[in-house]
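Pasted below: model.tsv, TSV, C-alpha atoms (C1' of nucleotides) and all ligand atoms.
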```
chain	number	residue	atom	x	y	z
A	1115	MET	CA	22.09	0.77	25.03
A	1116	GLU	CA	19.58	2.92	23.20
A	1117	LEU	CA	19.96	6.72	22.78
A	1118	SER	CA	17.23	8.95	24.26
A	1119	ILE	CA	14.80	10.50	21.80
A	1120	ILE	CA	16.29	13.95	22.33
A	1121	ASP	CA	19.83	12.68	21.81
A	1122	SER	CA	18.78	10.82	18.68
A	1123	LEU	CA	17.29	14.00	17.26
A	1124	LYS	CA	20.39	16.00	18.17
A	1125	ALA	CA	22.66	13.38	16.63
A	1126	GLY	CA	20.66	13.71	13.42
A	1127	GLY	CA	20.90	17.52	13.42
A	1128	LYS	CA	17.18	17.83	14.09
A	1129	LYS	CA	15.43	20.44	16.20
A	1130	LEU	CA	13.06	19.65	19.03
A	1131	THR	CA	10.06	21.56	17.74
A	1132	LYS	CA	6.60	21.96	19.18
A	1133	ALA	CA	5.12	19.84	16.37
A	1134	ARG	CA	7.67	17.12	16.90
A	1135	LYS	CA	7.12	16.87	20.64
A	1136	ALA	CA	3.37	16.73	20.12
A	1137	ILE	CA	3.60	14.04	17.44
A	1138	LEU	CA	5.82	11.89	19.63
A	1139	ALA	CA	3.44	12.42	22.55
A	1140	VAL	CA	0.49	11.22	20.48
A	1141	LEU	CA	2.42	8.13	19.37
A	1142	GLU	CA	3.63	7.39	22.90
A	1143	LYS	CA	0.14	7.35	24.31
A	1144	ASN	CA	-1.05	4.90	21.65
A	1145	ALA	CA	-0.07	1.31	22.29
A	1146	LEU	CA	-0.84	0.28	18.72
A	1147	PRO	CA	0.26	1.57	15.32
A	1148	ILE	CA	-1.96	4.46	14.12
A	1149	THR	CA	-2.51	6.14	10.78
A	1150	VAL	CA	-1.25	9.59	9.80
A	1151	ALA	CA	-4.83	10.85	9.96
A	1152	GLU	CA	-5.12	9.46	13.48
A	1153	VAL	CA	-1.90	11.15	14.55
A	1154	HIS	CA	-3.22	14.39	13.11
A	1155	ALA	CA	-6.56	13.98	14.87
A	1156	GLY	CA	-4.69	13.37	18.12
A	1157	LEU	CA	-2.84	16.65	17.67
A	1158	VAL	CA	-6.03	18.58	17.05
A	1159	LYS	CA	-7.59	17.02	20.14
A	1160	ALA	CA	-4.56	18.09	22.18
A	1161	ARG	CA	-5.09	21.68	20.96
A	1162	THR	CA	-1.85	21.53	18.98
A	1163	ASN	CA	-2.50	22.66	15.46
A	1164	VAL	CA	-0.01	21.07	13.09
A	1165	ASP	CA	-0.53	20.78	9.36
A	1166	LEU	CA	-1.05	17.30	7.96
A	1167	VAL	CA	2.01	17.70	5.72
A	1168	THR	CA	4.12	18.39	8.79
A	1169	VAL	CA	2.92	15.13	10.28
A	1170	TYR	CA	3.94	13.29	7.10
A	1171	ARG	CA	7.36	14.92	7.06
A	1172	ASN	CA	8.03	14.26	10.71
A	1173	LEU	CA	6.96	10.63	10.61
A	1174	ALA	CA	9.25	10.05	7.64
A	1175	MET	CA	12.12	11.69	9.47
A	1176	LEU	CA	11.50	9.87	12.75
A	1177	GLN	CA	11.42	6.62	10.81
A	1178	GLU	CA	14.79	7.38	9.22
A	1179	LEU	CA	16.26	7.98	12.66
A	1180	GLY	CA	14.79	4.67	13.83
A	1181	LEU	CA	12.59	6.30	16.47
A	1182	VAL	CA	9.36	5.29	14.80
A	1183	ASN	CA	8.32	2.14	13.05
A	1184	ALA	CA	6.09	1.98	9.96
A	1185	VAL	CA	3.63	-0.88	9.78
A	1186	GLY	CA	1.43	-1.68	6.80
A	1187	PHE	CA	-1.58	-3.95	6.54
A	1188	HIS	CA	-2.28	-3.08	2.90
A	1189	GLU	CA	-5.17	-0.87	3.88
A	1190	GLY	CA	-4.08	1.84	1.47
A	1191	GLN	CA	-2.20	3.74	4.16
A	1192	MET	CA	0.67	3.19	6.57
A	1193	ARG	CA	0.55	3.10	10.34
A	1194	TYR	CA	3.19	4.27	12.80
A	1195	GLU	CA	4.27	3.31	16.32
A	1196	VAL	CA	7.14	4.44	18.54
A	1197	VAL	CA	10.14	2.16	18.77
A	1198	HIS	CA	11.83	3.73	21.78
A	1199	GLY	CA	11.71	1.51	24.86
A	1200	ARG	CA	9.63	-1.16	23.18
A	1201	ALA	CA	10.79	-4.59	22.07
A	1202	HIS	CA	10.78	-5.66	18.41
A	1203	HIS	CA	7.47	-7.37	17.71
A	1204	HIS	CA	4.69	-7.98	15.18
A	1205	HIS	CA	0.93	-7.60	14.79
A	1206	ILE	CA	-2.31	-9.28	13.84
A	1207	GLN	CA	-5.29	-7.48	12.31
A	1208	CYS	CA	-8.93	-8.58	12.17
A	1209	ARG	CA	-10.32	-8.75	8.63
A	1210	GLY	CA	-13.75	-7.83	9.98
A	1211	CYS	CA	-13.32	-4.79	12.19
A	1212	GLY	CA	-9.68	-3.90	11.54
A	1213	LYS	CA	-8.69	-4.31	15.18
A	1214	ILE	CA	-4.94	-4.71	15.73
A	1215	ILE	CA	-3.17	-6.59	18.50
A	1216	ASP	CA	0.51	-6.61	19.40
A	1217	LEU	CA	2.20	-9.99	19.16
A	1218	MET	CA	5.23	-9.80	21.41
A	1219	LEU	CA	7.29	-12.28	19.45
A	1220	CYS	CA	9.53	-12.69	16.44
A	1221	PRO	CA	10.43	-16.09	15.04
A	1222	LEU	CA	12.84	-14.82	12.41
A	1223	LYS	CA	16.30	-14.51	13.98
A	1224	LYS	CA	17.61	-17.88	12.86
A	1225	LEU	CA	15.83	-17.80	9.55
A	1226	THR	CA	17.45	-14.48	8.65
A	1227	LYS	CA	20.89	-16.06	8.87
A	1228	LEU	CA	19.80	-18.93	6.68
A	1229	ILE	CA	18.39	-16.55	4.09
A	1230	GLU	CA	21.61	-14.54	4.04
A	1231	GLU	CA	23.57	-17.69	3.33
A	1232	GLN	CA	21.17	-18.92	0.66
A	1233	THR	CA	20.57	-15.65	-1.19
A	1234	ARG	CA	23.84	-13.74	-0.58
A	1235	PHE	CA	21.65	-10.74	0.34
A	1236	SER	CA	22.49	-8.93	3.56
A	1237	VAL	CA	19.15	-8.87	5.34
A	1238	ASP	CA	18.41	-5.75	7.37
A	1239	GLY	CA	14.70	-5.95	8.07
A	1240	HIS	CA	11.46	-7.78	7.62
A	1241	ALA	CA	7.73	-7.25	7.73
A	1242	LEU	CA	5.46	-9.84	9.33
A	1243	GLU	CA	1.77	-9.37	9.88
A	1244	PHE	CA	-0.96	-11.88	10.60
A	1245	PHE	CA	-4.58	-11.65	9.51
A	1246	GLY	CA	-7.70	-13.32	10.76
A	1247	TRP	CA	-10.94	-12.84	12.63
A	1248	CYS	CA	-11.26	-11.58	16.17
A	1249	PRO	CA	-13.68	-13.23	18.64
A	1250	GLN	CA	-16.32	-10.52	18.03
A	1251	CYS	CA	-16.21	-10.80	14.23
A	1252	ARG	CA	-15.79	-14.56	14.01
B	274	MET	CA	-6.21	-31.57	-4.55
B	275	GLU	CA	-6.38	-28.19	-6.20
B	276	LEU	CA	-9.07	-27.20	-8.74
B	277	SER	CA	-7.91	-26.23	-12.24
B	278	ILE	CA	-8.02	-22.53	-13.10
B	279	ILE	CA	-10.94	-23.04	-15.46
B	280	ASP	CA	-12.90	-25.04	-12.91
B	281	SER	CA	-12.20	-22.43	-10.24
B	282	LEU	CA	-13.56	-19.73	-12.52
B	283	LYS	CA	-16.60	-21.80	-13.36
B	284	ALA	CA	-17.23	-22.55	-9.70
B	285	GLY	CA	-17.23	-18.81	-9.07
B	286	GLY	CA	-19.66	-18.10	-11.92
B	287	LYS	CA	-16.93	-16.32	-13.88
B	288	LYS	CA	-16.45	-16.30	-17.63
B	289	LEU	CA	-13.26	-17.27	-19.38
B	290	THR	CA	-12.72	-14.05	-21.30
B	291	LYS	CA	-9.94	-13.00	-23.62
B	292	ALA	CA	-8.69	-10.45	-21.09
B	293	ARG	CA	-8.72	-13.03	-18.32
B	294	LYS	CA	-6.78	-15.62	-20.29
B	295	ALA	CA	-4.20	-13.03	-21.31
B	296	ILE	CA	-3.76	-11.71	-17.76
B	297	LEU	CA	-3.25	-15.21	-16.40
B	298	ALA	CA	-0.78	-15.92	-19.22
B	299	VAL	CA	1.27	-12.85	-18.32
B	300	LEU	CA	1.31	-13.85	-14.66
B	301	GLU	CA	2.20	-17.47	-15.45
B	302	LYS	CA	5.24	-16.49	-17.46
B	303	ASN	CA	6.56	-14.29	-14.65
B	304	ALA	CA	8.22	-16.20	-11.83
B	305	LEU	CA	8.07	-13.21	-9.50
B	306	PRO	CA	5.25	-10.94	-8.33
B	307	ILE	CA	4.68	-8.04	-10.76
B	308	THR	CA	2.81	-4.75	-10.54
B	309	VAL	CA	-0.50	-3.96	-12.21
B	310	ALA	CA	1.35	-1.67	-14.61
B	311	GLU	CA	3.70	-4.53	-15.48
B	312	VAL	CA	0.79	-6.88	-16.11
B	313	HIS	CA	-0.73	-4.24	-18.35
B	314	ALA	CA	2.55	-3.71	-20.20
B	315	GLY	CA	2.80	-7.46	-20.70
B	316	LEU	CA	-0.65	-7.47	-22.30
B	317	VAL	CA	0.25	-4.66	-24.67
B	318	LYS	CA	3.44	-6.48	-25.63
B	319	ALA	CA	1.40	-9.61	-26.38
B	320	ARG	CA	-0.81	-7.52	-28.71
B	321	THR	CA	-3.76	-7.96	-26.34
B	322	ASN	CA	-5.28	-4.60	-25.61
B	323	VAL	CA	-6.98	-4.63	-22.25
B	324	ASP	CA	-7.83	-1.50	-20.31
B	325	LEU	CA	-5.92	-0.91	-17.08
B	326	VAL	CA	-9.16	-0.90	-15.10
B	327	THR	CA	-9.94	-4.36	-16.43
B	328	VAL	CA	-6.58	-5.53	-15.14
B	329	TYR	CA	-7.38	-4.12	-11.71
B	330	ARG	CA	-10.81	-5.74	-11.65
B	331	ASN	CA	-9.54	-9.12	-12.79
B	332	LEU	CA	-6.66	-9.23	-10.36
B	333	ALA	CA	-9.04	-8.43	-7.51
B	334	MET	CA	-11.39	-11.16	-8.66
B	335	LEU	CA	-8.64	-13.74	-9.17
B	336	GLN	CA	-7.37	-12.95	-5.70
B	337	GLU	CA	-10.82	-13.54	-4.21
B	338	LEU	CA	-10.94	-16.93	-5.91
B	339	GLY	CA	-7.49	-17.71	-4.49
B	340	LEU	CA	-5.92	-18.08	-7.94
B	341	VAL	CA	-3.65	-15.11	-7.51
B	342	ASN	CA	-1.67	-13.85	-4.56
B	343	ALA	CA	-1.13	-10.17	-3.69
B	344	VAL	CA	2.27	-9.24	-2.32
B	345	GLY	CA	3.19	-5.80	-1.01
B	346	PHE	CA	6.60	-4.33	-0.24
B	347	HIS	CA	5.22	-0.89	0.69
B	348	GLU	CA	6.35	0.56	-2.60
B	349	GLY	CA	3.08	2.40	-3.06
B	350	GLN	CA	1.59	-0.36	-5.18
B	351	MET	CA	0.75	-4.05	-4.93
B	352	ARG	CA	2.29	-6.93	-6.83
B	353	TYR	CA	0.62	-10.13	-8.01
B	354	GLU	CA	1.72	-13.70	-8.67
B	355	VAL	CA	-0.16	-16.85	-9.61
B	356	VAL	CA	-0.84	-19.34	-6.85
B	357	HIS	CA	-1.88	-22.30	-8.99
B	358	GLY	CA	0.66	-25.10	-8.91
B	359	ARG	CA	3.12	-23.21	-6.76
B	360	ALA	CA	3.92	-23.81	-3.10
B	361	HIS	CA	3.19	-21.21	-0.42
B	362	HIS	CA	6.32	-19.09	0.03
B	363	HIS	CA	7.72	-15.62	0.75
B	364	HIS	CA	10.04	-13.01	-0.75
B	365	ILE	CA	13.00	-10.75	-0.17
B	366	GLN	CA	13.50	-7.40	-1.90
B	367	CYS	CA	16.70	-5.38	-2.34
B	368	ARG	CA	16.48	-1.87	-0.91
B	369	GLY	CA	18.88	-0.67	-3.59
B	370	CYS	CA	17.58	-1.94	-6.91
B	371	GLY	CA	14.21	-3.39	-5.91
B	372	LYS	CA	15.11	-6.89	-7.08
B	373	ILE	CA	12.86	-9.61	-5.66
B	374	ILE	CA	13.75	-13.23	-4.97
B	375	ASP	CA	11.47	-16.12	-4.04
B	376	LEU	CA	12.18	-17.71	-0.67
B	377	MET	CA	10.73	-21.18	-0.84
B	378	LEU	CA	10.00	-21.44	2.86
B	379	CYS	CA	7.53	-20.54	5.54
B	380	PRO	CA	8.36	-20.77	9.24
B	381	LEU	CA	4.91	-19.86	10.49
B	382	LYS	CA	2.84	-23.05	10.75
B	383	LYS	CA	3.46	-23.73	14.41
B	384	LEU	CA	3.47	-20.09	15.37
B	385	THR	CA	0.02	-19.61	13.85
B	386	LYS	CA	-1.43	-22.17	16.24
B	387	LEU	CA	0.24	-20.49	19.18
B	388	ILE	CA	-1.14	-17.09	18.14
B	389	GLU	CA	-4.65	-18.50	17.79
B	390	GLU	CA	-4.46	-19.84	21.34
B	391	GLN	CA	-3.04	-16.64	22.77
B	392	THR	CA	-5.22	-14.10	20.95
B	393	ARG	CA	-8.44	-16.08	20.37
B	394	PHE	CA	-8.31	-14.81	16.77
B	395	SER	CA	-8.77	-17.38	14.03
B	396	VAL	CA	-5.75	-16.76	11.84
B	397	ASP	CA	-6.32	-17.19	8.11
B	398	GLY	CA	-3.28	-15.59	6.53
B	399	HIS	CA	-0.04	-13.75	6.99
B	400	ALA	CA	2.35	-11.50	5.11
B	401	LEU	CA	6.09	-11.99	5.45
B	402	GLU	CA	8.67	-10.12	3.43
B	403	PHE	CA	12.37	-9.64	3.99
B	404	PHE	CA	14.41	-6.60	3.02
B	405	GLY	CA	18.11	-6.11	2.50
B	406	TRP	CA	20.85	-5.51	-0.04
B	407	CYS	CA	21.63	-7.78	-2.95
B	408	PRO	CA	25.26	-8.65	-3.85
B	409	GLN	CA	25.30	-5.99	-6.60
B	410	CYS	CA	23.97	-3.18	-4.40
B	411	ARG	CA	25.80	-4.10	-1.22
C	137	DT	C1'	20.26	38.76	21.03
C	138	DG	C1'	21.10	38.06	16.23
C	139	DG	C1'	22.47	34.94	12.32
C	140	DT	C1'	21.31	30.84	10.12
C	141	DA	C1'	19.84	26.31	8.96
C	142	DA	C1'	15.96	23.65	9.75
C	143	DA	C1'	11.05	23.37	10.02
C	144	DT	C1'	6.41	24.79	8.95
C	145	DG	C1'	2.00	25.99	6.36
C	146	DC	C1'	-0.32	26.56	2.30
C	147	DA	C1'	-1.40	25.41	-2.32
C	148	DA	C1'	-0.79	22.67	-6.11
C	149	DG	C1'	0.53	18.29	-7.97
C	150	DT	C1'	1.19	13.03	-8.48
C	151	DG	C1'	-0.28	8.45	-9.01
C	152	DA	C1'	-2.51	4.11	-7.50
C	153	DG	C1'	-6.72	2.47	-7.30
C	154	DT	C1'	-12.14	2.97	-7.61
C	155	DT	C1'	-16.82	3.87	-9.46
C	156	DG	C1'	-20.87	4.59	-12.72
C	157	DC	C1'	-22.69	3.51	-16.82
C	158	DA	C1'	-23.51	2.25	-21.61
C	159	DA	C1'	-21.76	-1.01	-25.01
C	160	DA	C1'	-19.75	-5.58	-25.91
C	161	DT	C1'	-19.09	-10.49	-25.14
C	162	DG	C1'	-19.09	-15.28	-23.24
C	163	DT	C1'	-22.27	-19.01	-21.87
C	164	DG	C1'	-25.92	-22.37	-21.54
C	165	DG	C1'	-30.12	-23.78	-23.42
C	166	DT	C1'	-32.80	-24.56	-27.49
D	303	DA	C1'	-26.18	-21.98	-35.14
D	304	DC	C1'	-28.94	-18.78	-32.60
D	305	DC	C1'	-30.95	-16.32	-28.69
D	306	DA	C1'	-31.45	-14.44	-24.09
D	307	DC	C1'	-29.12	-12.61	-20.54
D	308	DA	C1'	-25.86	-12.08	-16.94
D	309	DT	C1'	-21.19	-10.89	-16.85
D	310	DT	C1'	-17.48	-8.19	-18.42
D	311	DT	C1'	-15.31	-4.41	-20.62
D	312	DG	C1'	-13.80	0.48	-21.79
D	313	DC	C1'	-14.07	5.11	-20.96
D	314	DA	C1'	-14.27	9.06	-18.12
D	315	DA	C1'	-14.55	10.98	-13.92
D	316	DC	C1'	-13.37	10.54	-9.34
D	317	DT	C1'	-11.06	9.59	-4.58
D	318	DC	C1'	-7.50	9.84	-1.47
D	319	DA	C1'	-2.81	8.98	0.43
D	320	DC	C1'	1.13	11.10	-0.12
D	321	DT	C1'	4.62	14.56	-2.24
D	322	DT	C1'	6.66	18.93	-3.80
D	323	DG	C1'	7.78	24.05	-4.21
D	324	DC	C1'	8.19	28.08	-2.01
D	325	DA	C1'	7.74	31.93	1.13
D	326	DT	C1'	7.55	32.56	6.12
D	327	DT	C1'	8.58	31.18	10.81
D	328	DT	C1'	11.16	29.00	14.48
D	329	DA	C1'	14.71	26.56	17.26
D	330	DC	C1'	19.42	26.64	18.19
D	331	DC	C1'	24.04	28.25	19.08
D	332	DA	C1'	27.71	31.66	19.25
A	1301	MN	MN	3.05	-2.72	18.05
A	1302	MN	MN	6.86	-15.70	-5.41
A	1303	ZN	ZN	-12.82	-8.01	14.43
A	1304	ZN	ZN	19.99	-4.70	-5.41
```
Could I get this structure in the form of structure tokens?
Ligand SMILES: [Mn+2]
Ligand SMILES: [Mn+2]
Ligand SMILES: [Zn+2]
Ligand SMILES: [Zn+2]
Amino acid sequence: MELSIIDSLKAGGKKLTKARKAILAVLEKNALPITVAEVHAGLVKARTNVDLVTVYRNLAMLQELGLVNAVGFHEGQMRYEVVHGRAHHHHIQCRGCGKIIDLMLCPLKKLTKLIEEQTRFSVDGHALEFFGWCPQCR
Amino acid sequence: MELSIIDSLKAGGKKLTKARKAILAVLEKNALPITVAEVHAGLVKARTNVDLVTVYRNLAMLQELGLVNAVGFHEGQMRYEVVHGRAHHHHIQCRGCGKIIDLMLCPLKKLTKLIEEQTRFSVDGHALEFFGWCPQCR
DNA sequence: TGGTAAATGCAAGTGAGTTGCAAATGTGGT
DNA sequence: ACCACATTTGCAACTCACTTGCATTTACCA
């Protein structure tokens, strides 16, 4: 059973600041992973002025606590989505317009075990993204 | 049946330059994906002076022709490996020392079809990397 | 309500990757 | 072997995501 966001912060010795609440709110209302600039723009739109560097620092911290997930499509920047209350999953991005869709699946449970046996690594994560062309850009 | 490197270059209207040959040679002698800086260092070591920007431009071009594969572990830089004569595969990287190992497998053939049906995207690629701790760093 | 560690904003810095342009070089035809 | 010419290269300047240092502010707890 998963800790609440507030309890996770407390357990990590973190304060529940105005900036933090606002950043989490922006992420919660976005179904898909968004860039740091998009988080920042969301804050400005919500009349919450938070410096860009504060967004960077908070996203890094939230990621360390496991509350936020970083996703990269090799666009030259990372994207972030909330983990809390959502199932582990992956994404596909259109090479034309950049659109992203959630893929509510993960085929890697069994394979992870196999890799651990074959490589003697202990595997603790993976990144899986698909690329292609959406119906509009096809 | 796969075109030779020279034929692929020719087909793309590309010249077989000294820099190009040397870059491919560096990549060929490395089993694992290496950074642009590492390619460049390899050139210097081989007494072939090629500007860093030339390395960037050639790797981008070779990737477009499908001769080279870009791999990213979200380290803040990309890595490159030759495709020619090697089977499609994936990688695992140690979170401690950064060591990379080839995983000669890909579990995504069937899943790709399923995703195409479900999303109406045409899928033309994917990125899959595993992360963990190697025996030394465990 | 005050003491204190954590968090924030601002300014400056880092580093991967890109761009513009003049000079150099590989290629295909003669 | 030579020429014409498109491609490629090197250099310098630039962009932009992200980080760091430090003085000030803020959330938390006794
Ligand atoms: Mn998602
Ligand atoms: Mn490989
Ligand atoms: Zn699209
Ligand atoms: Zn290791």
query = Once you count all atoms listed in the file, which residues end up within 9 Å of ligand MN 1301 (chain A), and could you hand them over as a VMD selection string?
reply = chain A and resid 1145 to 1147 1183 1185 1194 to 1197 1200 to 1205 1214 to 1218
inquiry  = Using only C-alpha atoms (C1' of nucleotides) and all ligand atoms, which residues of the polymer chains come no farther than 10 Å from ligand ZN 1304 (chain A)? I'd like the answer as a list in words.
reply    =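 So the residues close to ligand ZN 1304 (chain A) are Phe1235 of chain A; Gln366, Cys367, Arg368, Gly369, Cys370, Gly371, Lys372, Ile373, Gly405, Trp406, Cys407, Pro408, Gln409, Cys410 and Arg411 of chain B.
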task = Starting from chain C, keep only residues with some atom at most 9 Å from an atom of chain B, counting all atoms listed in the file, and report them as an MDAnalysis selection string.
result = chainID C and resid 152:154 161:163
Could you save those same residues with C-alpha atoms (C1' of nucleotides) as a PDB file, in the frame of the given file?
```pdb
ATOM      1  C1'  DA C 152      -2.510   4.110  -7.500  1.00  0.00           C
ATOM      2  C1'  DG C 153      -6.720   2.470  -7.300  1.00  0.00           C
ATOM      3  C1'  DT C 154     -12.140   2.970  -7.610  1.00  0.00           C
ATOM      4  C1'  DT C 161     -19.090 -10.490 -25.140  1.00  0.00           C
ATOM      5  C1'  DG C 162     -19.090 -15.280 -23.240  1.00  0.00           C
ATOM      6  C1'  DT C 163     -22.270 -19.010 -21.870  1.00  0.00           C
TER       7       DT C 163
END
```
Is it possible to get the superposed chain B, fitted on chain A over all Cα pairs by sequence order, as a compact mmCIF listing (two decimals) with C-alpha atoms, keeping the file's coordinate frame?
```txt
# COMPACT_ATOMS: atom_id res chain seq x y z
CA MET B 274 22.07 0.76 25.06
CA GLU B 275 19.57 2.90 23.23
CA LEU B 276 19.95 6.69 22.78
CA SER B 277 17.24 8.92 24.26
CA ILE B 278 14.80 10.49 21.80
CA ILE B 279 16.30 13.93 22.32
CA ASP B 280 19.84 12.67 21.83
CA SER B 281 18.80 10.79 18.70
CA LEU B 282 17.31 13.97 17.28
CA LYS B 283 20.39 15.96 18.18
CA ALA B 284 22.66 13.34 16.65
CA GLY B 285 20.68 13.70 13.43
CA GLY B 286 20.93 17.51 13.45
CA LYS B 287 17.19 17.80 14.09
CA LYS B 288 15.43 20.41 16.19
CA LEU B 289 13.07 19.65 19.02
CA THR B 290 10.06 21.54 17.72
CA LYS B 291 6.59 21.92 19.14
CA ALA B 292 5.13 19.81 16.33
CA ARG B 293 7.72 17.10 16.89
CA LYS B 294 7.13 16.88 20.62
CA ALA B 295 3.38 16.72 20.10
CA ILE B 296 3.61 14.02 17.42
CA LEU B 297 5.83 11.87 19.61
CA ALA B 298 3.43 12.42 22.53
CA VAL B 299 0.49 11.20 20.46
CA LEU B 300 2.42 8.13 19.36
CA GLU B 301 3.64 7.38 22.90
CA LYS B 302 0.13 7.35 24.30
CA ASN B 303 -1.06 4.90 21.65
CA ALA B 304 -0.06 1.30 22.29
CA LEU B 305 -0.85 0.28 18.72
CA PRO B 306 0.26 1.57 15.32
CA ILE B 307 -1.96 4.44 14.12
CA THR B 308 -2.49 6.14 10.77
CA VAL B 309 -1.23 9.57 9.79
CA ALA B 310 -4.80 10.85 9.94
CA GLU B 311 -5.11 9.47 13.47
CA VAL B 312 -1.88 11.15 14.53
CA HIS B 313 -3.20 14.38 13.08
CA ALA B 314 -6.54 13.98 14.84
CA GLY B 315 -4.69 13.36 18.08
CA LEU B 316 -2.82 16.64 17.63
CA VAL B 317 -6.01 18.58 17.02
CA LYS B 318 -7.57 17.01 20.10
CA ALA B 319 -4.54 18.08 22.15
CA ARG B 320 -5.08 21.67 20.91
CA THR B 321 -1.82 21.49 18.94
CA ASN B 322 -2.46 22.60 15.40
CA VAL B 323 0.03 21.01 13.06
CA ASP B 324 -0.49 20.74 9.33
CA LEU B 325 -0.99 17.24 7.92
CA VAL B 326 2.06 17.64 5.69
CA THR B 327 4.16 18.34 8.76
CA VAL B 328 2.94 15.09 10.25
CA TYR B 329 3.96 13.24 7.10
CA ARG B 330 7.39 14.86 7.04
CA ASN B 331 8.06 14.21 10.71
CA LEU B 332 6.98 10.60 10.62
CA ALA B 333 9.27 10.00 7.65
CA MET B 334 12.14 11.66 9.48
CA LEU B 335 11.51 9.83 12.76
CA GLN B 336 11.44 6.58 10.83
CA GLU B 337 14.81 7.35 9.24
CA LEU B 338 16.26 7.96 12.69
CA GLY B 339 14.79 4.63 13.84
CA LEU B 340 12.60 6.28 16.49
CA VAL B 341 9.38 5.27 14.81
CA ASN B 342 8.33 2.11 13.06
CA ALA B 343 6.09 1.96 9.97
CA VAL B 344 3.63 -0.91 9.80
CA GLY B 345 1.42 -1.68 6.81
CA PHE B 346 -1.59 -3.96 6.55
CA HIS B 347 -2.29 -3.08 2.90
CA GLU B 348 -5.19 -0.88 3.89
CA GLY B 349 -4.12 1.84 1.49
CA GLN B 350 -2.22 3.73 4.16
CA MET B 351 0.66 3.19 6.57
CA ARG B 352 0.56 3.09 10.35
CA TYR B 353 3.20 4.26 12.81
CA GLU B 354 4.28 3.30 16.31
CA VAL B 355 7.14 4.42 18.53
CA VAL B 356 10.13 2.13 18.79
CA HIS B 357 11.83 3.72 21.79
CA GLY B 358 11.70 1.52 24.85
CA ARG B 359 9.63 -1.17 23.20
CA ALA B 360 10.79 -4.61 22.08
CA HIS B 361 10.77 -5.65 18.42
CA HIS B 362 7.45 -7.37 17.71
CA HIS B 363 4.67 -7.97 15.18
CA HIS B 364 0.91 -7.59 14.80
CA ILE B 365 -2.33 -9.29 13.85
CA GLN B 366 -5.32 -7.48 12.34
CA CYS B 367 -8.96 -8.59 12.19
CA ARG B 368 -10.35 -8.76 8.66
CA GLY B 369 -13.77 -7.84 10.00
CA CYS B 370 -13.34 -4.80 12.21
CA GLY B 371 -9.70 -3.90 11.57
CA LYS B 372 -8.71 -4.33 15.21
CA ILE B 373 -4.96 -4.71 15.74
CA ILE B 374 -3.19 -6.59 18.52
CA ASP B 375 0.50 -6.62 19.42
CA LEU B 376 2.19 -10.00 19.18
CA MET B 377 5.22 -9.80 21.41
CA LEU B 378 7.28 -12.28 19.44
CA CYS B 379 9.51 -12.67 16.45
CA PRO B 380 10.44 -16.07 15.03
CA LEU B 381 12.83 -14.78 12.40
CA LYS B 382 16.30 -14.48 13.96
CA LYS B 383 17.63 -17.82 12.83
CA LEU B 384 15.82 -17.74 9.53
CA THR B 385 17.43 -14.41 8.66
CA LYS B 386 20.88 -15.97 8.87
CA LEU B 387 19.79 -18.85 6.68
CA ILE B 388 18.37 -16.45 4.07
CA GLU B 389 21.58 -14.42 4.04
CA GLU B 390 23.57 -17.57 3.32
CA GLN B 391 21.20 -18.79 0.64
CA THR B 392 20.56 -15.51 -1.20
CA ARG B 393 23.82 -13.60 -0.56
CA PHE B 394 21.62 -10.61 0.35
CA SER B 395 22.45 -8.81 3.58
CA VAL B 396 19.11 -8.78 5.35
CA ASP B 397 18.37 -5.66 7.39
CA GLY B 398 14.66 -5.88 8.10
CA HIS B 399 11.43 -7.74 7.64
CA ALA B 400 7.69 -7.20 7.76
CA LEU B 401 5.44 -9.80 9.35
CA GLU B 402 1.74 -9.35 9.90
CA PHE B 403 -0.98 -11.87 10.62
CA PHE B 404 -4.60 -11.64 9.52
CA GLY B 405 -7.72 -13.32 10.79
CA TRP B 406 -10.98 -12.86 12.65
CA CYS B 407 -11.28 -11.59 16.19
CA PRO B 408 -13.70 -13.25 18.67
CA GLN B 409 -16.33 -10.55 18.05
CA CYS B 410 -16.22 -10.82 14.25
CA ARG B 411 -15.79 -14.57 14.01
```
task = Record the distance separating C1' of DT166 in chain C and C1' of DC304 in chain D, expressed in Å with one decimal.
result =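 Separating C1' of DT166 in chain C from C1' of DC304 in chain D is a distance of 8.6 Å.
Interatomic distance, CA of Arg1161 in chain A to CA of Leu1117 in chain A: 29.2 Å.
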Residue nearest chain B - candidates D:DC331, D:DT310, D:DA315, D:DT321, atoms counted: all atoms listed in the file = D:DT310
task = Please measure the separation of CA of Asp1238 in chain A and CA of Phe404 in chain B, giving the value in Å to one decimal.
result = 6.0 Å
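Residue nearest ligand ZN 1303 (chain A), chosen from A:Leu1181, A:Ile1229, A:Ile1206, A:Val1153 and counting only C-alpha atoms and all ligand atoms: A:Ile1206.
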Give one line per residue of chain D that approaches chain A to at most 8 Å, naming the two atoms of the closest pair and their distance in Å to one decimal, counting all atoms listed in the file; sort by chain then ascending residue number and deliver it as JSON lines.
```
{"residue": "D:DA319", "atom": "C1'", "partner": "A:Gln1191", "partner_atom": "CA", "distance": 6.5}
{"residue": "D:DA329", "atom": "C1'", "partner": "A:Lys1129", "partner_atom": "CA", "distance": 6.3}
{"residue": "D:DC330", "atom": "C1'", "partner": "A:Lys1129", "partner_atom": "CA", "distance": 7.6}
```
Could you save the residues just selected, with C-alpha atoms (C1' of nucleotides), as a tab-separated table (two decimals), in the frame of the given file?
```
chain	number	residue	atom	x	y	z
D	319	DA	C1'	-2.81	8.98	0.43
D	329	DA	C1'	14.71	26.56	17.26
D	330	DC	C1'	19.42	26.64	18.19
```
Polymer residues at most 10 Å from DT322 in chain D, all atoms listed in the file, same-chain spacing of 6 or more positions, as a PDB file with C-alpha atoms (C1' of nucleotides), in the coordinates of the input:
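Output file selection.pdb is given in full below:
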```
ATOM      1  C1'  DA C 148      -0.790  22.670  -6.110  1.00  0.00           C
ATOM      2  C1'  DG C 149       0.530  18.290  -7.970  1.00  0.00           C
ATOM      3  C1'  DT C 150       1.190  13.030  -8.480  1.00  0.00           C
TER       4       DT C 150
END
```
